[in-house]
Amino acid sequence: MYSNEDQKELHTLAKALLQQNGAGTQKEVIQLRKVINYADWRYYIENDPNLSDAEYDRLFSTLKQLETAHPEWVTPDSPTRRVAAGLSERFPPVGHLVPMLSLDNTYNADDLYDWDKKCREFAGLDQLEYCVEPKYDGASISLVYDNDILLRGITRGDGITGEEVTPNIMQIKAIPLSARFADAGIGQLEIRGEVVINKKDFDDYNGQRVAEGLAPLANPRNAAAGTLRMLDAGEVRKRRLNAILYHVSYTAPNEASPANSYPVKPEGLPKTHFDTMQWLAARGLPTPAKEMRRFEGIEGVIAYCAEFETRRDDLPFEVDGLVIKVNNFELQEKMGMTSHHPRWATAYKFKARQATSTLRKVEYQVGRTGVVTPVAKIDPVYISGVTVTSLSLFNEEVVREKDLRIGDTVLVERAGDVIPYVVKSFPELRTGTELPIVFPEFCPACNGRLEKQEDLAAWRCINSSCPVQLTERLMHFASKDAMDIRSLGAANVKKFFDMGVLADIPGIYSLNWSRIRESGGFGEKSVANLQQAIENSKTQALNRLIFGLGIRYVGETTAKTLATSVSHLRDLYEKTEEDLCALPDVGPKVAHSVVDFFQLEENRKMVDALEAAGVNLKNLQREENQSGGSLEGKTFLFTGTLSRLKRSEAEAMAEKNGGVILGSVSAKLNYLVVGSDAGSKLEKAKKLGTIS
Ligand code: IVH
């Protein structure tokens, strides 16, 4: 897509644009578009950002300003067009140019042998070349590019007619708004793919929903499908969808919608699936190219399927299987389709990650904001490698919606890294001995009365000195993603709290060490470790502190946004709700909560006390990025199981010292850190000569 020279040039241009006070010319507008498109590609497709979020935002808002001042300079593929107004009301039905068929399924090696045999018969050959790629678990879409511009995006619908959701599709930054097809003599091109949501974004979003008292979305697939059909494009943007495109339609025109004149077979396309994916990737489109393998004959396919299934969780999004396709297009055409699916492709489905169990009882946990969460205790059930005994039911609404009772048989799903959840109960299996789930009226921790706020589905304990809330708040402050005070975990927080030496957050910095030593539970070494960890936390980045304060609705991402918008924590005192709403991804609810938080005298006192204790309140981020740790500018990729650290911990360590984490093996990779059971990344690195 971008040659090395292009990349260097675009990066230098971006830095230059960031430094100058814009000339406000049309030339600058064109340059801004180029560097933003490049930054999107680096971030969303290469997983290797070249700009910080703040730098990107600055370029973007300059472009927006210039285009507002000069509407005549706006082009249909300007990145600002992604900031759409939203869909007017319902989604207009649109006929697919080519019907969107589904895939035949296989579940084991025998099925694959059978499928291969049939394929060879239809193709009239002894051996076929197959491509294998992930089967993405999301919502399928069809995109039409017309004269190089993304013309529309359509959901699958019933396969013949879908719904046009173009403004929502435009929120997906992995999908370029324009791509060079005309060069290859192609006027119009219909491309199929899958809209997915990365597991991390899904978890973040669900965390936010739960914090707002809303029911979490069931799984990433439903989240992607639901998001595509939302009326508010701004909300779609917040959910950060991702996409992968895996098929170019150029077979027979759709008879159901003859109005769509369609070039039957664009000349200029490669002749195989493998080459087409590379060809699309070279034009900046997200494809399975990097994960794709080619095999002569079915044996290699079968071995690869078994191997890939063991590392299905390594991709950032959910995959529910692999898709095997006959590589050669001419053969694909010869083999044709049944009424349901193409004969030249099949899905190899991974084993289900669902199981049934019995709901034995419900316990109620108090969180740091006082929200009381019902937690289901079930008979232990083994789901793909993990024994599940306990599941959050989130809130009363979810319990009611799913019609759960004590004693019910329930279906439990564990999708990848996503926390396990109850899919449904089976009312038809009830014996009559099941009991209703009754919510407590009083806080299980302090016996205070629970209240239900109007806009929330959750019950809350409003006693601000409820002991569990206090300890939860302390634990959150010290947690890995907040101030990362290693040895101050749940057990020590509780111990200190019960001993009466720790009552609030600033208290962490003035612990009575002689009393702690006297208590007898701590050796000199653990005291020293703890003191060191507390000392280290004083210089944590501002976003970690903001996250650690536990402001309602402020998750990790919002904390970063807030931190980058100020140079000192107290600058947030001055921000109005309006100021805050102008920040990316901050809505009125979050803004209100932030303003409320900093208006409270007791919270300002806490900030003062933290400052007095020597905790950093300044935004050192920019300095930090430039200051150059020992790994400055070096790129890393961790693969396999590491023996001492979790992968995320190792990554954070490298980043802290100036290293950059890459998403995949490429020529740009400096260090591949290999744990046990490393898979394809190691092979690829060997191939590329990154390591030998
Ligand atoms: S090829 C004619 N490739 O799985 C082209 N489909 O269960 C047929 N899917 O409807 C589709 N990943 O929505 C293809 N790599 C992949 C896929 C994929 C996910 C979806 C697609 C299809 C469904 C069938």
# chains A, B, ... in the order shown; residues from 1 in each chain; ligands from 1
>>> residues_near_ligand(ligand="ligand 1", cutoff="8 Å", atoms="only C-alpha atoms and all ligand atoms", output="ChimeraX atom specification")
/A:100-105,133-141,156,192-194,245-247,249,288,319,322-323,325,341-342,345,347
>>> write_last_selection(atoms="C-alpha atoms", output="PDB file, in the first residue's frame")
ATOM      1  CA  MET A 100     -24.973 -13.099  -0.171  1.00  0.00           C
ATOM      2  CA  LEU A 101     -24.818 -16.835   0.349  1.00  0.00           C
ATOM      3  CA  SER A 102     -23.874 -18.551   3.525  1.00  0.00           C
ATOM      4  CA  LEU A 103     -21.227 -21.282   3.953  1.00  0.00           C
ATOM      5  CA  ASP A 104     -21.450 -25.020   4.349  1.00  0.00           C
ATOM      6  CA  ASN A 105     -20.035 -26.279   7.670  1.00  0.00           C
ATOM      7  CA  GLU A 133      -8.259 -18.004   6.597  1.00  0.00           C
ATOM      8  CA  PRO A 134     -10.055 -17.154   9.836  1.00  0.00           C
ATOM      9  CA  LYS A 135     -13.819 -17.223  10.001  1.00  0.00           C
ATOM     10  CA  TYR A 136     -14.608 -13.915  11.592  1.00  0.00           C
ATOM     11  CA  ASP A 137     -17.462 -13.918  14.073  1.00  0.00           C
ATOM     12  CA  GLY A 138     -19.271 -10.690  13.355  1.00  0.00           C
ATOM     13  CA  ALA A 139     -21.890  -9.258  11.034  1.00  0.00           C
ATOM     14  CA  SER A 140     -21.441  -9.655   7.299  1.00  0.00           C
ATOM     15  CA  ILE A 141     -21.552  -6.635   5.052  1.00  0.00           C
ATOM     16  CA  ARG A 156     -26.553  -8.985   4.780  1.00  0.00           C
ATOM     17  CA  ARG A 192     -17.854  -8.749   1.095  1.00  0.00           C
ATOM     18  CA  GLY A 193     -16.557  -8.820   4.563  1.00  0.00           C
ATOM     19  CA  GLU A 194     -17.303  -8.974   8.234  1.00  0.00           C
ATOM     20  CA  LEU A 245     -12.891  -7.948   3.802  1.00  0.00           C
ATOM     21  CA  TYR A 246     -12.570 -11.448   2.360  1.00  0.00           C
ATOM     22  CA  HIS A 247     -14.415 -11.752  -0.928  1.00  0.00           C
ATOM     23  CA  SER A 249     -18.185 -10.547  -5.893  1.00  0.00           C
ATOM     24  CA  PRO A 288      -7.084 -11.797   5.959  1.00  0.00           C
ATOM     25  CA  VAL A 319     -13.061 -16.147  15.301  1.00  0.00           C
ATOM     26  CA  LEU A 322     -11.637 -21.183   9.622  1.00  0.00           C
ATOM     27  CA  VAL A 323     -12.847 -20.817   6.065  1.00  0.00           C
ATOM     28  CA  LYS A 325     -11.580 -21.837  -0.167  1.00  0.00           C
ATOM     29  CA  HIS A 341     -23.722 -21.899  -0.463  1.00  0.00           C
ATOM     30  CA  PRO A 342     -20.761 -21.953  -2.803  1.00  0.00           C
ATOM     31  CA  ALA A 345     -15.749 -22.993   0.146  1.00  0.00           C
ATOM     32  CA  ALA A 347     -16.388 -23.320   7.126  1.00  0.00           C
TER      33      ALA A 347
END
>>> atom_distance(atom1="CA of Asp320 (chain A)", atom2="CA of Leu241 (chain A)")
17.8 Å
>>> select_by_dssp(residues="region 152-320 of chain A", states="helix (DSSP H, G or I)", output="CSV table (one decimal) with C-alpha atoms, in the first residue's frame")
chain,number,residue,atom,x,y,z
A,166,THR,CA,-23.4,3.6,4.8
A,167,PRO,CA,-23.0,6.4,7.4
A,168,ASN,CA,-22.3,3.7,10.1
A,169,ILE,CA,-19.9,1.9,7.8
A,182,ALA,CA,-9.8,2.6,-11.6
A,183,ASP,CA,-6.1,2.2,-12.3
A,184,ALA,CA,-6.8,-1.5,-12.8
A,199,LYS,CA,-12.5,-8.1,22.3
A,200,LYS,CA,-10.8,-5.3,24.2
A,201,ASP,CA,-13.2,-2.7,22.8
A,202,PHE,CA,-16.1,-5.0,23.6
A,203,ASP,CA,-15.0,-5.4,27.2
A,204,ASP,CA,-14.4,-1.7,27.6
A,205,TYR,CA,-17.8,-0.9,26.2
A,206,ASN,CA,-19.6,-3.4,28.3
A,207,GLY,CA,-17.7,-2.2,31.4
A,208,GLN,CA,-19.1,1.3,30.6
A,209,ARG,CA,-22.6,0.0,30.1
A,210,VAL,CA,-22.6,-1.8,33.4
A,211,ALA,CA,-21.2,1.2,35.2
A,220,PRO,CA,-19.0,-9.3,20.3
A,221,ARG,CA,-21.0,-10.7,17.4
A,222,ASN,CA,-24.3,-9.3,18.7
A,223,ALA,CA,-22.5,-6.1,19.5
A,224,ALA,CA,-21.2,-5.7,16.0
A,225,ALA,CA,-24.5,-6.5,14.4
A,226,GLY,CA,-26.5,-4.3,16.7
A,227,THR,CA,-24.1,-1.4,16.3
A,228,LEU,CA,-24.3,-1.5,12.5
A,233,ALA,CA,-23.5,7.4,14.0
A,234,GLY,CA,-21.8,9.1,16.9
A,235,GLU,CA,-22.7,6.2,19.1
A,236,VAL,CA,-21.4,3.8,16.4
A,237,ARG,CA,-18.1,5.6,16.4
A,238,LYS,CA,-17.7,5.2,20.1
A,273,HIS,CA,-8.3,-15.8,-4.0
A,274,PHE,CA,-4.8,-15.5,-2.4
A,275,ASP,CA,-3.6,-13.0,-4.9
A,276,THR,CA,-6.8,-11.0,-4.7
A,277,MET,CA,-6.5,-10.6,-0.9
A,278,GLN,CA,-2.9,-9.4,-1.4
A,279,TRP,CA,-4.1,-7.1,-4.1
A,280,LEU,CA,-6.8,-5.6,-1.9
A,281,ALA,CA,-4.4,-5.2,1.0
A,282,ALA,CA,-2.0,-3.4,-1.3
A,288,PRO,CA,-7.1,-11.8,6.0
A,289,ALA,CA,-3.8,-11.6,3.9
A,290,LYS,CA,-1.6,-11.8,6.9
A,291,GLU,CA,-3.4,-14.8,8.5
A,298,ILE,CA,-6.4,-31.3,2.1
A,299,GLU,CA,-3.9,-32.9,4.4
A,300,GLY,CA,-2.1,-29.6,5.1
A,301,VAL,CA,-5.4,-27.9,5.6
A,302,ILE,CA,-6.5,-30.4,8.3
A,303,ALA,CA,-3.2,-30.1,10.2
A,304,TYR,CA,-3.4,-26.3,10.1
A,305,CYS,CA,-7.1,-26.3,11.3
A,306,ALA,CA,-6.1,-28.4,14.3
A,307,GLU,CA,-3.1,-26.2,15.1
A,308,PHE,CA,-5.0,-22.9,14.6
A,309,GLU,CA,-7.8,-23.9,16.9
A,310,THR,CA,-5.3,-24.1,19.8
A,312,ARG,CA,-7.8,-19.0,18.3
A,313,ASP,CA,-7.6,-16.5,21.1
A,314,ASP,CA,-4.5,-14.9,19.8
>>> closest_residue(among="A:Lys402, A:Lys34, A:Arg430, A:Arg229", to="Leu63 (chain A)", atoms="only C-alpha atoms")
A:Lys34
>>> closest_residue(among="A:Lys27, A:Val371, A:Phe350, A:Arg343", to="Lys118 (chain A)", atoms="only C-alpha atoms")
A:Arg343
>>> residues_around(residues="region 593-603 of chain A", least_positions_apart="5", cutoff="12 Å", atoms="only C-alpha atoms", output="PyMOL selection string")
chain A and resi 211-212+464+504-506+546-547+549-555+558-559+562+569-581+586-588+608-610
>>> closest_residue(among="A:Ile516, A:Ala654, A:Ala23, A:Ala478", to="Ser537 (chain A)", atoms="only C-alpha atoms")
A:Ala478
>>> residues_around(residues="Asn198 (chain A)", least_positions_apart="6", cutoff="7 Å", atoms="only C-alpha atoms", output="ChimeraX atom specification")
/A:242,316-317
>>> write_last_selection(atoms="C-alpha atoms", output="PDB file, in the first residue's frame")
ATOM      1  CA  ASN A 242     -13.329  -3.131  12.982  1.00  0.00           C
ATOM      2  CA  PRO A 316      -7.749  -9.359  18.743  1.00  0.00           C
ATOM      3  CA  PHE A 317     -11.283 -10.301  17.701  1.00  0.00           C
TER       4      PHE A 317
END
>>> residues_around(residues="Pro380 (chain A)", least_positions_apart="5", cutoff="8 Å", atoms="only C-alpha atoms", output="MDAnalysis selection string")
chainID A and resid 357 387:389
